[in-house]
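*Asks:* Could you have a look at this structure, given as structure tokens, before my questions?
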Amino acid sequence: QVQLVESGGGLVQAGGSLRLSCAASGGRTLSTSPVGWFRQAPGKERVLIATISWNGASAYYVDSVKGRFAISRDNAKNTVYLQMNSLKPEDTAVYYCSVDLGSRRYWGQGTQVTVSS
């Protein structure tokens with residue numbers, strides 16, 4: 001069992017930055033698992049935007065955020081981050097982190113990011 005809690009969302013102007021955090025608790029560690037960040041815009045499906053390997057050595061980004069977002073992790077803190085720079089109105093969404101542990105996928109409750117033009 002693991003609980004994921006996202007934080008760091010908010011309202012920002014286009015061109016601004018935010019740093020999201022995904023903290024895990026509940027007795028399970030994230031340190032041996034890849035973690036992903038997803039987002040869901042109003043009226044749209046939830047989509048994967050970035051992943052990071054268990055040790056942080058490799059990362060994947062969807063084209064729409066490549067060069068603007070950076071995923072990182074601190075396994076000692078059981079936390080994964082998403083640094084978002086040069087934000088655009090189309091980045092407005094609820095952002096979720098997710099991890100697969102065993103046969104189960106865990107999700108956080110999400111954090112709202114709103115980018116004004």
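Ordered as shown in the structure tokens, chains take letters A, B, and onward, while each chain numbers its residues from 1 and ligands are numbered from 1 in the order shown.
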Hey, what's within 7 Å of range 38-49 of chain A if we count only C-alpha atoms and toss same-chain stuff fewer than 5 positions away? As a list in words, please?

*Replies:* Tyr61, Val62, Thr92, Ala93, Val94, Tyr95, Tyr96 and Cys97 of chain A

*Asks:* So that I can see what lies close to range 15-17 of chain A, please list as a PDB file with all heavy atoms, in the first residue's frame the residues with an atom at most 12 Å from it, counting only C-alpha atoms and leaving out residues fewer than 2 positions away in the same chain.

*Replies:*
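Writing the result to out30.pdb gives the following:
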ATOM      1  N   GLY A   8       2.066  21.606  -5.211  1.00  0.00           N
ATOM      2  CA  GLY A   8       2.825  22.577  -5.981  1.00  0.00           C
ATOM      3  C   GLY A   8       2.079  23.213  -7.130  1.00  0.00           C
ATOM      4  O   GLY A   8       2.609  24.098  -7.807  1.00  0.00           O
ATOM      5  N   GLY A   9       0.857  22.776  -7.369  1.00  0.00           N
ATOM      6  CA  GLY A   9       0.081  23.386  -8.436  1.00  0.00           C
ATOM      7  C   GLY A   9      -0.380  24.777  -8.059  1.00  0.00           C
ATOM      8  O   GLY A   9      -0.185  25.243  -6.933  1.00  0.00           O
ATOM      9  N   GLY A  10      -0.988  25.453  -9.020  1.00  0.00           N
ATOM     10  CA  GLY A  10      -1.501  26.784  -8.767  1.00  0.00           C
ATOM     11  C   GLY A  10      -1.787  27.521 -10.051  1.00  0.00           C
ATOM     12  O   GLY A  10      -1.829  26.927 -11.133  1.00  0.00           O
ATOM     13  N   LEU A  11      -1.978  28.828  -9.905  1.00  0.00           N
ATOM     14  CA  LEU A  11      -2.256  29.707 -11.028  1.00  0.00           C
ATOM     15  C   LEU A  11      -0.982  30.468 -11.374  1.00  0.00           C
ATOM     16  O   LEU A  11      -0.362  31.078 -10.488  1.00  0.00           O
ATOM     17  CB  LEU A  11      -3.381  30.677 -10.672  1.00  0.00           C
ATOM     18  CG  LEU A  11      -3.705  31.773 -11.682  1.00  0.00           C
ATOM     19  CD1 LEU A  11      -4.209  31.164 -12.978  1.00  0.00           C
ATOM     20  CD2 LEU A  11      -4.723  32.738 -11.094  1.00  0.00           C
ATOM     21  N   VAL A  12      -0.614  30.437 -12.633  1.00  0.00           N
ATOM     22  CA  VAL A  12       0.600  31.117 -13.068  1.00  0.00           C
ATOM     23  C   VAL A  12       0.362  31.734 -14.442  1.00  0.00           C
ATOM     24  O   VAL A  12      -0.468  31.232 -15.226  1.00  0.00           O
ATOM     25  CB  VAL A  12       1.783  30.114 -13.104  1.00  0.00           C
ATOM     26  CG1 VAL A  12       1.545  29.016 -14.121  1.00  0.00           C
ATOM     27  CG2 VAL A  12       3.108  30.814 -13.324  1.00  0.00           C
ATOM     28  N   GLN A  13       1.051  32.797 -14.731  1.00  0.00           N
ATOM     29  CA  GLN A  13       0.940  33.429 -16.047  1.00  0.00           C
ATOM     30  C   GLN A  13       1.771  32.654 -17.067  1.00  0.00           C
ATOM     31  O   GLN A  13       2.756  31.981 -16.723  1.00  0.00           O
ATOM     32  CB  GLN A  13       1.426  34.869 -15.983  1.00  0.00           C
ATOM     33  CG  GLN A  13       0.481  35.806 -15.244  1.00  0.00           C
ATOM     34  CD  GLN A  13       0.903  37.250 -15.361  1.00  0.00           C
ATOM     35  OE1 GLN A  13       2.074  37.552 -15.536  1.00  0.00           O
ATOM     36  NE2 GLN A  13      -0.062  38.150 -15.267  1.00  0.00           N
ATOM     37  N   ARG A  19       6.855  24.058  -9.762  1.00  0.00           N
ATOM     38  CA  ARG A  19       7.500  22.792  -9.440  1.00  0.00           C
ATOM     39  C   ARG A  19       6.510  21.923  -8.678  1.00  0.00           C
ATOM     40  O   ARG A  19       6.086  22.288  -7.583  1.00  0.00           O
ATOM     41  CB  ARG A  19       8.754  23.006  -8.599  1.00  0.00           C
ATOM     42  CG  ARG A  19       9.574  21.745  -8.378  1.00  0.00           C
ATOM     43  CD  ARG A  19      10.592  21.950  -7.296  1.00  0.00           C
ATOM     44  NE  ARG A  19      11.621  20.910  -7.263  1.00  0.00           N
ATOM     45  CZ  ARG A  19      12.321  20.612  -6.183  1.00  0.00           C
ATOM     46  NH1 ARG A  19      12.113  21.262  -5.040  1.00  0.00           N
ATOM     47  NH2 ARG A  19      13.249  19.678  -6.238  1.00  0.00           N
ATOM     48  N   LEU A  20       6.164  20.822  -9.284  1.00  0.00           N
ATOM     49  CA  LEU A  20       5.250  19.880  -8.650  1.00  0.00           C
ATOM     50  C   LEU A  20       6.044  18.833  -7.879  1.00  0.00           C
ATOM     51  O   LEU A  20       7.142  18.443  -8.290  1.00  0.00           O
ATOM     52  CB  LEU A  20       4.371  19.199  -9.683  1.00  0.00           C
ATOM     53  CG  LEU A  20       3.577  20.098 -10.623  1.00  0.00           C
ATOM     54  CD1 LEU A  20       2.671  19.238 -11.516  1.00  0.00           C
ATOM     55  CD2 LEU A  20       2.770  21.127  -9.867  1.00  0.00           C
ATOM     56  N   ARG A  68      10.907  21.857 -21.869  1.00  0.00           N
ATOM     57  CA  ARG A  68      10.310  22.807 -20.920  1.00  0.00           C
ATOM     58  C   ARG A  68      10.131  22.194 -19.532  1.00  0.00           C
ATOM     59  O   ARG A  68      10.224  22.909 -18.531  1.00  0.00           O
ATOM     60  CB  ARG A  68       8.940  23.277 -21.430  1.00  0.00           C
ATOM     61  CG  ARG A  68       8.993  23.990 -22.773  1.00  0.00           C
ATOM     62  CD  ARG A  68       7.631  24.590 -23.128  1.00  0.00           C
ATOM     63  NE  ARG A  68       6.589  23.576 -23.261  1.00  0.00           N
ATOM     64  CZ  ARG A  68       5.464  23.555 -22.542  1.00  0.00           C
ATOM     65  NH1 ARG A  68       5.243  24.495 -21.629  1.00  0.00           N
ATOM     66  NH2 ARG A  68       4.560  22.610 -22.724  1.00  0.00           N
ATOM     67  N   PHE A  69       9.848  20.910 -19.486  1.00  0.00           N
ATOM     68  CA  PHE A  69       9.619  20.215 -18.218  1.00  0.00           C
ATOM     69  C   PHE A  69      10.808  19.319 -17.900  1.00  0.00           C
ATOM     70  O   PHE A  69      11.470  18.793 -18.814  1.00  0.00           O
ATOM     71  CB  PHE A  69       8.369  19.348 -18.292  1.00  0.00           C
ATOM     72  CG  PHE A  69       7.064  20.100 -18.370  1.00  0.00           C
ATOM     73  CD1 PHE A  69       7.017  21.467 -18.590  1.00  0.00           C
ATOM     74  CD2 PHE A  69       5.864  19.427 -18.208  1.00  0.00           C
ATOM     75  CE1 PHE A  69       5.809  22.151 -18.665  1.00  0.00           C
ATOM     76  CE2 PHE A  69       4.649  20.090 -18.265  1.00  0.00           C
ATOM     77  CZ  PHE A  69       4.621  21.445 -18.507  1.00  0.00           C
ATOM     78  N   ALA A  70      11.065  19.127 -16.616  1.00  0.00           N
ATOM     79  CA  ALA A  70      12.130  18.227 -16.174  1.00  0.00           C
ATOM     80  C   ALA A  70      11.639  17.412 -14.990  1.00  0.00           C
ATOM     81  O   ALA A  70      11.195  17.981 -13.984  1.00  0.00           O
ATOM     82  CB  ALA A  70      13.375  19.009 -15.799  1.00  0.00           C
ATOM     83  N   LEU A  82       8.392  17.464 -10.689  1.00  0.00           N
ATOM     84  CA  LEU A  82       8.229  17.873 -12.076  1.00  0.00           C
ATOM     85  C   LEU A  82       8.426  19.386 -12.129  1.00  0.00           C
ATOM     86  O   LEU A  82       7.564  20.139 -11.658  1.00  0.00           O
ATOM     87  CB  LEU A  82       6.859  17.485 -12.628  1.00  0.00           C
ATOM     88  CG  LEU A  82       6.663  17.754 -14.115  1.00  0.00           C
ATOM     89  CD1 LEU A  82       7.563  16.822 -14.943  1.00  0.00           C
ATOM     90  CD2 LEU A  82       5.206  17.567 -14.529  1.00  0.00           C
ATOM     91  N   GLN A  83       9.560  19.805 -12.653  1.00  0.00           N
ATOM     92  CA  GLN A  83       9.828  21.225 -12.845  1.00  0.00           C
ATOM     93  C   GLN A  83       9.245  21.632 -14.184  1.00  0.00           C
ATOM     94  O   GLN A  83       9.576  21.052 -15.216  1.00  0.00           O
ATOM     95  CB  GLN A  83      11.338  21.482 -12.822  1.00  0.00           C
ATOM     96  CG  GLN A  83      11.714  22.933 -13.077  1.00  0.00           C
ATOM     97  CD  GLN A  83      11.283  23.850 -11.952  1.00  0.00           C
ATOM     98  OE1 GLN A  83      11.440  23.521 -10.780  1.00  0.00           O
ATOM     99  NE2 GLN A  83      10.737  25.016 -12.306  1.00  0.00           N
ATOM    100  N   MET A  84       8.379  22.614 -14.151  1.00  0.00           N
ATOM    101  CA  MET A  84       7.685  23.062 -15.363  1.00  0.00           C
ATOM    102  C   MET A  84       8.045  24.510 -15.635  1.00  0.00           C
ATOM    103  O   MET A  84       7.738  25.396 -14.824  1.00  0.00           O
ATOM    104  CB  MET A  84       6.179  22.906 -15.200  1.00  0.00           C
ATOM    105  CG  MET A  84       5.752  21.503 -14.790  1.00  0.00           C
ATOM    106  SD  MET A  84       3.972  21.268 -14.810  1.00  0.00           S
ATOM    107  CE  MET A  84       3.469  22.438 -13.561  1.00  0.00           C
ATOM    108  N   ASN A  85       8.708  24.741 -16.752  1.00  0.00           N
ATOM    109  CA  ASN A  85       9.122  26.080 -17.149  1.00  0.00           C
ATOM    110  C   ASN A  85       8.424  26.483 -18.441  1.00  0.00           C
ATOM    111  O   ASN A  85       7.874  25.640 -19.159  1.00  0.00           O
ATOM    112  CB  ASN A  85      10.636  26.113 -17.348  1.00  0.00           C
ATOM    113  CG  ASN A  85      11.402  25.763 -16.098  1.00  0.00           C
ATOM    114  OD1 ASN A  85      11.002  26.101 -14.982  1.00  0.00           O
ATOM    115  ND2 ASN A  85      12.526  25.074 -16.264  1.00  0.00           N
ATOM    116  N   SER A  86       8.475  27.764 -18.732  1.00  0.00           N
ATOM    117  CA  SER A  86       7.879  28.290 -19.972  1.00  0.00           C
ATOM    118  C   SER A  86       6.460  27.770 -20.156  1.00  0.00           C
ATOM    119  O   SER A  86       6.085  27.291 -21.229  1.00  0.00           O
ATOM    120  CB  SER A  86       8.749  27.908 -21.174  1.00  0.00           C
ATOM    121  OG  SER A  86      10.060  28.395 -21.032  1.00  0.00           O
ATOM    122  N   LEU A  87       5.677  27.863 -19.109  1.00  0.00           N
ATOM    123  CA  LEU A  87       4.318  27.312 -19.141  1.00  0.00           C
ATOM    124  C   LEU A  87       3.443  28.034 -20.152  1.00  0.00           C
ATOM    125  O   LEU A  87       3.576  29.253 -20.363  1.00  0.00           O
ATOM    126  CB  LEU A  87       3.702  27.364 -17.755  1.00  0.00           C
ATOM    127  CG  LEU A  87       4.218  26.276 -16.804  1.00  0.00           C
ATOM    128  CD1 LEU A  87       3.930  26.631 -15.355  1.00  0.00           C
ATOM    129  CD2 LEU A  87       3.596  24.929 -17.153  1.00  0.00           C
ATOM    130  N   LYS A  88       2.555  27.266 -20.755  1.00  0.00           N
ATOM    131  CA  LYS A  88       1.633  27.768 -21.765  1.00  0.00           C
ATOM    132  C   LYS A  88       0.198  27.521 -21.301  1.00  0.00           C
ATOM    133  O   LYS A  88      -0.046  26.601 -20.502  1.00  0.00           O
ATOM    134  CB  LYS A  88       1.858  27.034 -23.084  1.00  0.00           C
ATOM    135  CG  LYS A  88       3.284  27.090 -23.612  1.00  0.00           C
ATOM    136  CD  LYS A  88       3.435  26.235 -24.858  1.00  0.00           C
ATOM    137  CE  LYS A  88       4.862  26.262 -25.388  1.00  0.00           C
ATOM    138  NZ  LYS A  88       5.015  25.415 -26.608  1.00  0.00           N
ATOM    139  N   PRO A  89      -0.756  28.286 -21.803  1.00  0.00           N
ATOM    140  CA  PRO A  89      -2.160  28.043 -21.431  1.00  0.00           C
ATOM    141  C   PRO A  89      -2.592  26.601 -21.694  1.00  0.00           C
ATOM    142  O   PRO A  89      -3.404  26.056 -20.937  1.00  0.00           O
ATOM    143  CB  PRO A  89      -2.923  29.040 -22.306  1.00  0.00           C
ATOM    144  CG  PRO A  89      -1.961  30.170 -22.491  1.00  0.00           C
ATOM    145  CD  PRO A  89      -0.608  29.505 -22.617  1.00  0.00           C
ATOM    146  N   GLU A  90      -2.043  25.978 -22.723  1.00  0.00           N
ATOM    147  CA  GLU A  90      -2.426  24.600 -23.034  1.00  0.00           C
ATOM    148  C   GLU A  90      -1.854  23.588 -22.038  1.00  0.00           C
ATOM    149  O   GLU A  90      -2.184  22.402 -22.108  1.00  0.00           O
ATOM    150  CB  GLU A  90      -2.008  24.221 -24.466  1.00  0.00           C
ATOM    151  CG  GLU A  90      -0.571  24.511 -24.800  1.00  0.00           C
ATOM    152  CD  GLU A  90      -0.405  25.839 -25.527  1.00  0.00           C
ATOM    153  OE1 GLU A  90      -1.035  26.841 -25.106  1.00  0.00           O
ATOM    154  OE2 GLU A  90       0.388  25.875 -26.502  1.00  0.00           O
ATOM    155  N   ASP A  91      -1.028  24.036 -21.110  1.00  0.00           N
ATOM    156  CA  ASP A  91      -0.561  23.160 -20.032  1.00  0.00           C
ATOM    157  C   ASP A  91      -1.566  23.088 -18.885  1.00  0.00           C
ATOM    158  O   ASP A  91      -1.375  22.307 -17.948  1.00  0.00           O
ATOM    159  CB  ASP A  91       0.780  23.652 -19.484  1.00  0.00           C
ATOM    160  CG  ASP A  91       1.907  23.555 -20.494  1.00  0.00           C
ATOM    161  OD1 ASP A  91       1.979  22.531 -21.215  1.00  0.00           O
ATOM    162  OD2 ASP A  91       2.710  24.505 -20.569  1.00  0.00           O
ATOM    163  N   VAL A 113      -3.127  22.788 -12.149  1.00  0.00           N
ATOM    164  CA  VAL A 113      -2.243  23.801 -12.721  1.00  0.00           C
ATOM    165  C   VAL A 113      -3.054  24.606 -13.722  1.00  0.00           C
ATOM    166  O   VAL A 113      -3.654  24.042 -14.644  1.00  0.00           O
ATOM    167  CB  VAL A 113      -1.028  23.163 -13.415  1.00  0.00           C
ATOM    168  CG1 VAL A 113      -0.225  24.219 -14.170  1.00  0.00           C
ATOM    169  CG2 VAL A 113      -0.147  22.458 -12.391  1.00  0.00           C
ATOM    170  N   THR A 114      -3.094  25.906 -13.520  1.00  0.00           N
ATOM    171  CA  THR A 114      -3.815  26.790 -14.417  1.00  0.00           C
ATOM    172  C   THR A 114      -2.852  27.854 -14.928  1.00  0.00           C
ATOM    173  O   THR A 114      -2.222  28.548 -14.129  1.00  0.00           O
ATOM    174  CB  THR A 114      -5.006  27.459 -13.716  1.00  0.00           C
ATOM    175  OG1 THR A 114      -5.875  26.442 -13.190  1.00  0.00           O
ATOM    176  CG2 THR A 114      -5.784  28.331 -14.691  1.00  0.00           C
ATOM    177  N   VAL A 115      -2.745  27.954 -16.239  1.00  0.00           N
ATOM    178  CA  VAL A 115      -1.841  28.914 -16.862  1.00  0.00           C
ATOM    179  C   VAL A 115      -2.676  29.950 -17.602  1.00  0.00           C
ATOM    180  O   VAL A 115      -3.420  29.612 -18.532  1.00  0.00           O
ATOM    181  CB  VAL A 115      -0.861  28.225 -17.827  1.00  0.00           C
ATOM    182  CG1 VAL A 115       0.144  29.234 -18.369  1.00  0.00           C
ATOM    183  CG2 VAL A 115      -0.134  27.071 -17.140  1.00  0.00           C
ATOM    184  N   SER A 116      -2.554  31.186 -17.187  1.00  0.00           N
ATOM    185  CA  SER A 116      -3.326  32.263 -17.810  1.00  0.00           C
ATOM    186  C   SER A 116      -2.513  32.907 -18.927  1.00  0.00           C
ATOM    187  O   SER A 116      -1.291  32.998 -18.858  1.00  0.00           O
ATOM    188  CB  SER A 116      -3.714  33.301 -16.771  1.00  0.00           C
ATOM    189  OG  SER A 116      -2.558  33.914 -16.234  1.00  0.00           O
ATOM    190  N   SER A 117      -3.233  33.383 -19.931  1.00  0.00           N
ATOM    191  CA  SER A 117      -2.552  33.999 -21.085  1.00  0.00           C
ATOM    192  C   SER A 117      -2.364  35.490 -20.886  1.00  0.00           C
ATOM    193  O   SER A 117      -2.865  36.083 -19.955  1.00  0.00           O
ATOM    194  CB  SER A 117      -3.347  33.735 -22.347  1.00  0.00           C
ATOM    195  OG  SER A 117      -4.657  34.225 -22.205  1.00  0.00           O
TER     196      SER A 117
END

*Asks:* Using DSSP assignments from the backbone, pull out every residue in chain A that falls under helix (DSSP H, G or I) and give it to me as a PyMOL selection string.

*Replies:* chain A and resi 75-77+89-91

*Asks:* What would the file look like if the residues just selected were written as a compact mmCIF listing (two decimals), in the first residue's frame with N, CA, C and O atoms?

*Replies:*
# COMPACT_ATOMS: atom_id res chain seq x y z
N ASN A 75 15.15 9.77 -3.95
CA ASN A 75 14.69 8.51 -3.35
C ASN A 75 14.81 8.52 -1.83
O ASN A 75 14.06 7.82 -1.14
N ALA A 76 15.74 9.29 -1.32
CA ALA A 76 15.86 9.39 0.14
C ALA A 76 14.63 10.04 0.76
O ALA A 76 14.27 9.76 1.90
N LYS A 77 13.97 10.91 -0.02
CA LYS A 77 12.75 11.57 0.45
C LYS A 77 11.50 10.92 -0.08
O LYS A 77 10.40 11.40 0.19
N PRO A 89 -0.76 28.29 -21.80
CA PRO A 89 -2.16 28.04 -21.43
C PRO A 89 -2.59 26.60 -21.69
O PRO A 89 -3.40 26.06 -20.94
N GLU A 90 -2.04 25.98 -22.72
CA GLU A 90 -2.43 24.60 -23.03
C GLU A 90 -1.85 23.59 -22.04
O GLU A 90 -2.18 22.40 -22.11
N ASP A 91 -1.03 24.04 -21.11
CA ASP A 91 -0.56 23.16 -20.03
C ASP A 91 -1.57 23.09 -18.89
O ASP A 91 -1.38 22.31 -17.95

*Asks:* Out of A:Ile71, A:Val80, A:Ala50, A:Val2, which residue has the shortest atom-to-atom distance to Gly102 in chain A when counting only C-alpha atoms?

*Replies:*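 Distance minimum relative to Gly102 in chain A lands on A:Val2.
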
*Asks:* Quick one: of A:Thr51, A:Ser7, A:Thr79, A:Ser64, who's nearest to Ala24 in chain A, counting only C-alpha atoms?

*Replies:*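 With only C-alpha atoms as the atom set, the closest residue is A:Thr79.
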
*Asks:* Quick one, how far is CA of Asn55 in chain A from CA of Gln112 in chain A?

*Replies:*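 So the answer is 27.2 Å.
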
*Asks:* Which residue is closest to Arg104 in chain A? Choose from A:Thr29, A:Ser21, A:Ser53, A:Gln1 and count only C-alpha atoms.

*Replies:*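 For Arg104 in chain A, the nearest of the candidates is A:Gln1.
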
*Asks:* Would you work out the distance separating CA of Gly56 in chain A from CA of Arg73 in chain A, expressed in Å to one decimal?

*Replies:* 6.3 Å

*Asks:* Taking only range 62-94 of chain A into account, list the residues labelled strand (DSSP E or B) by DSSP (computed from the backbone), as a PDB file with N, CA, C and O atoms, in the first residue's frame.

*Replies:*
ATOM      1  N   PHE A  69       9.848  20.910 -19.486  1.00  0.00           N
ATOM      2  CA  PHE A  69       9.619  20.215 -18.218  1.00  0.00           C
ATOM      3  C   PHE A  69      10.808  19.319 -17.900  1.00  0.00           C
ATOM      4  O   PHE A  69      11.470  18.793 -18.814  1.00  0.00           O
ATOM      5  N   ALA A  70      11.065  19.127 -16.616  1.00  0.00           N
ATOM      6  CA  ALA A  70      12.130  18.227 -16.174  1.00  0.00           C
ATOM      7  C   ALA A  70      11.639  17.412 -14.990  1.00  0.00           C
ATOM      8  O   ALA A  70      11.195  17.981 -13.984  1.00  0.00           O
ATOM      9  N   ILE A  71      11.744  16.098 -15.123  1.00  0.00           N
ATOM     10  CA  ILE A  71      11.346  15.196 -14.043  1.00  0.00           C
ATOM     11  C   ILE A  71      12.598  14.779 -13.279  1.00  0.00           C
ATOM     12  O   ILE A  71      13.656  14.559 -13.875  1.00  0.00           O
ATOM     13  N   SER A  72      12.480  14.692 -11.969  1.00  0.00           N
ATOM     14  CA  SER A  72      13.595  14.273 -11.141  1.00  0.00           C
ATOM     15  C   SER A  72      13.047  13.554  -9.919  1.00  0.00           C
ATOM     16  O   SER A  72      11.840  13.545  -9.691  1.00  0.00           O
ATOM     17  N   ARG A  73      13.957  12.952  -9.153  1.00  0.00           N
ATOM     18  CA  ARG A  73      13.504  12.251  -7.968  1.00  0.00           C
ATOM     19  C   ARG A  73      14.567  12.310  -6.884  1.00  0.00           C
ATOM     20  O   ARG A  73      15.760  12.427  -7.166  1.00  0.00           O
ATOM     21  N   ASP A  74      14.083  12.215  -5.659  1.00  0.00           N
ATOM     22  CA  ASP A  74      14.951  12.104  -4.484  1.00  0.00           C
ATOM     23  C   ASP A  74      14.474  10.868  -3.728  1.00  0.00           C
ATOM     24  O   ASP A  74      13.496  10.934  -2.981  1.00  0.00           O
ATOM     25  N   THR A  79      10.266  10.984  -2.993  1.00  0.00           N
ATOM     26  CA  THR A  79       9.562  12.058  -3.673  1.00  0.00           C
ATOM     27  C   THR A  79      10.051  12.192  -5.115  1.00  0.00           C
ATOM     28  O   THR A  79      11.251  12.047  -5.380  1.00  0.00           O
ATOM     29  N   VAL A  80       9.111  12.467  -5.995  1.00  0.00           N
ATOM     30  CA  VAL A  80       9.407  12.736  -7.396  1.00  0.00           C
ATOM     31  C   VAL A  80       8.912  14.147  -7.717  1.00  0.00           C
ATOM     32  O   VAL A  80       7.876  14.575  -7.208  1.00  0.00           O
ATOM     33  N   TYR A  81       9.670  14.835  -8.562  1.00  0.00           N
ATOM     34  CA  TYR A  81       9.361  16.226  -8.877  1.00  0.00           C
ATOM     35  C   TYR A  81       9.114  16.404 -10.375  1.00  0.00           C
ATOM     36  O   TYR A  81       9.580  15.618 -11.197  1.00  0.00           O
ATOM     37  N   LEU A  82       8.392  17.464 -10.689  1.00  0.00           N
ATOM     38  CA  LEU A  82       8.229  17.873 -12.076  1.00  0.00           C
ATOM     39  C   LEU A  82       8.426  19.386 -12.129  1.00  0.00           C
ATOM     40  O   LEU A  82       7.564  20.139 -11.658  1.00  0.00           O
ATOM     41  N   GLN A  83       9.560  19.805 -12.653  1.00  0.00           N
ATOM     42  CA  GLN A  83       9.828  21.225 -12.845  1.00  0.00           C
ATOM     43  C   GLN A  83       9.245  21.632 -14.184  1.00  0.00           C
ATOM     44  O   GLN A  83       9.576  21.052 -15.216  1.00  0.00           O
ATOM     45  N   MET A  84       8.379  22.614 -14.151  1.00  0.00           N
ATOM     46  CA  MET A  84       7.685  23.062 -15.363  1.00  0.00           C
ATOM     47  C   MET A  84       8.045  24.510 -15.635  1.00  0.00           C
ATOM     48  O   MET A  84       7.738  25.396 -14.824  1.00  0.00           O
ATOM     49  N   ALA A  93      -4.231  21.912 -16.630  1.00  0.00           N
ATOM     50  CA  ALA A  93      -4.731  20.552 -16.421  1.00  0.00           C
ATOM     51  C   ALA A  93      -4.596  20.200 -14.951  1.00  0.00           C
ATOM     52  O   ALA A  93      -3.956  20.927 -14.180  1.00  0.00           O
ATOM     53  N   VAL A  94      -5.185  19.073 -14.592  1.00  0.00           N
ATOM     54  CA  VAL A  94      -4.883  18.453 -13.300  1.00  0.00           C
ATOM     55  C   VAL A  94      -3.728  17.494 -13.536  1.00  0.00           C
ATOM     56  O   VAL A  94      -3.769  16.678 -14.466  1.00  0.00           O
TER      57      VAL A  94
END

*Asks:* Nearest residue to Arg28 in chain A out of A:Gly110, A:Ser103, A:Leu4, A:Ala57, using only C-alpha atoms?

*Replies:*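 Closest to Arg28 in chain A of all the choices is A:Leu4.
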
*Asks:* Counting only C-alpha atoms, which residue out of A:Val5, A:Trp37, A:Ser98, A:Ser25 sits closest to Tyr60 in chain A?

*Replies:*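 With only C-alpha atoms as the atom set, the closest residue is A:Trp37.
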
*Asks:* CA of Asp63 in chain A and CA of Tyr106 in chain A, how far apart in Å?

*Replies:* 24.6 Å

*Asks:* Would you mind telling me which residue in A:Thr32, A:Asn78, A:Gln109, A:Ser58 lies nearest to Glu6 in chain A when using only C-alpha atoms?

*Replies:*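 Smallest distance to Glu6 in chain A is found for A:Gln109.
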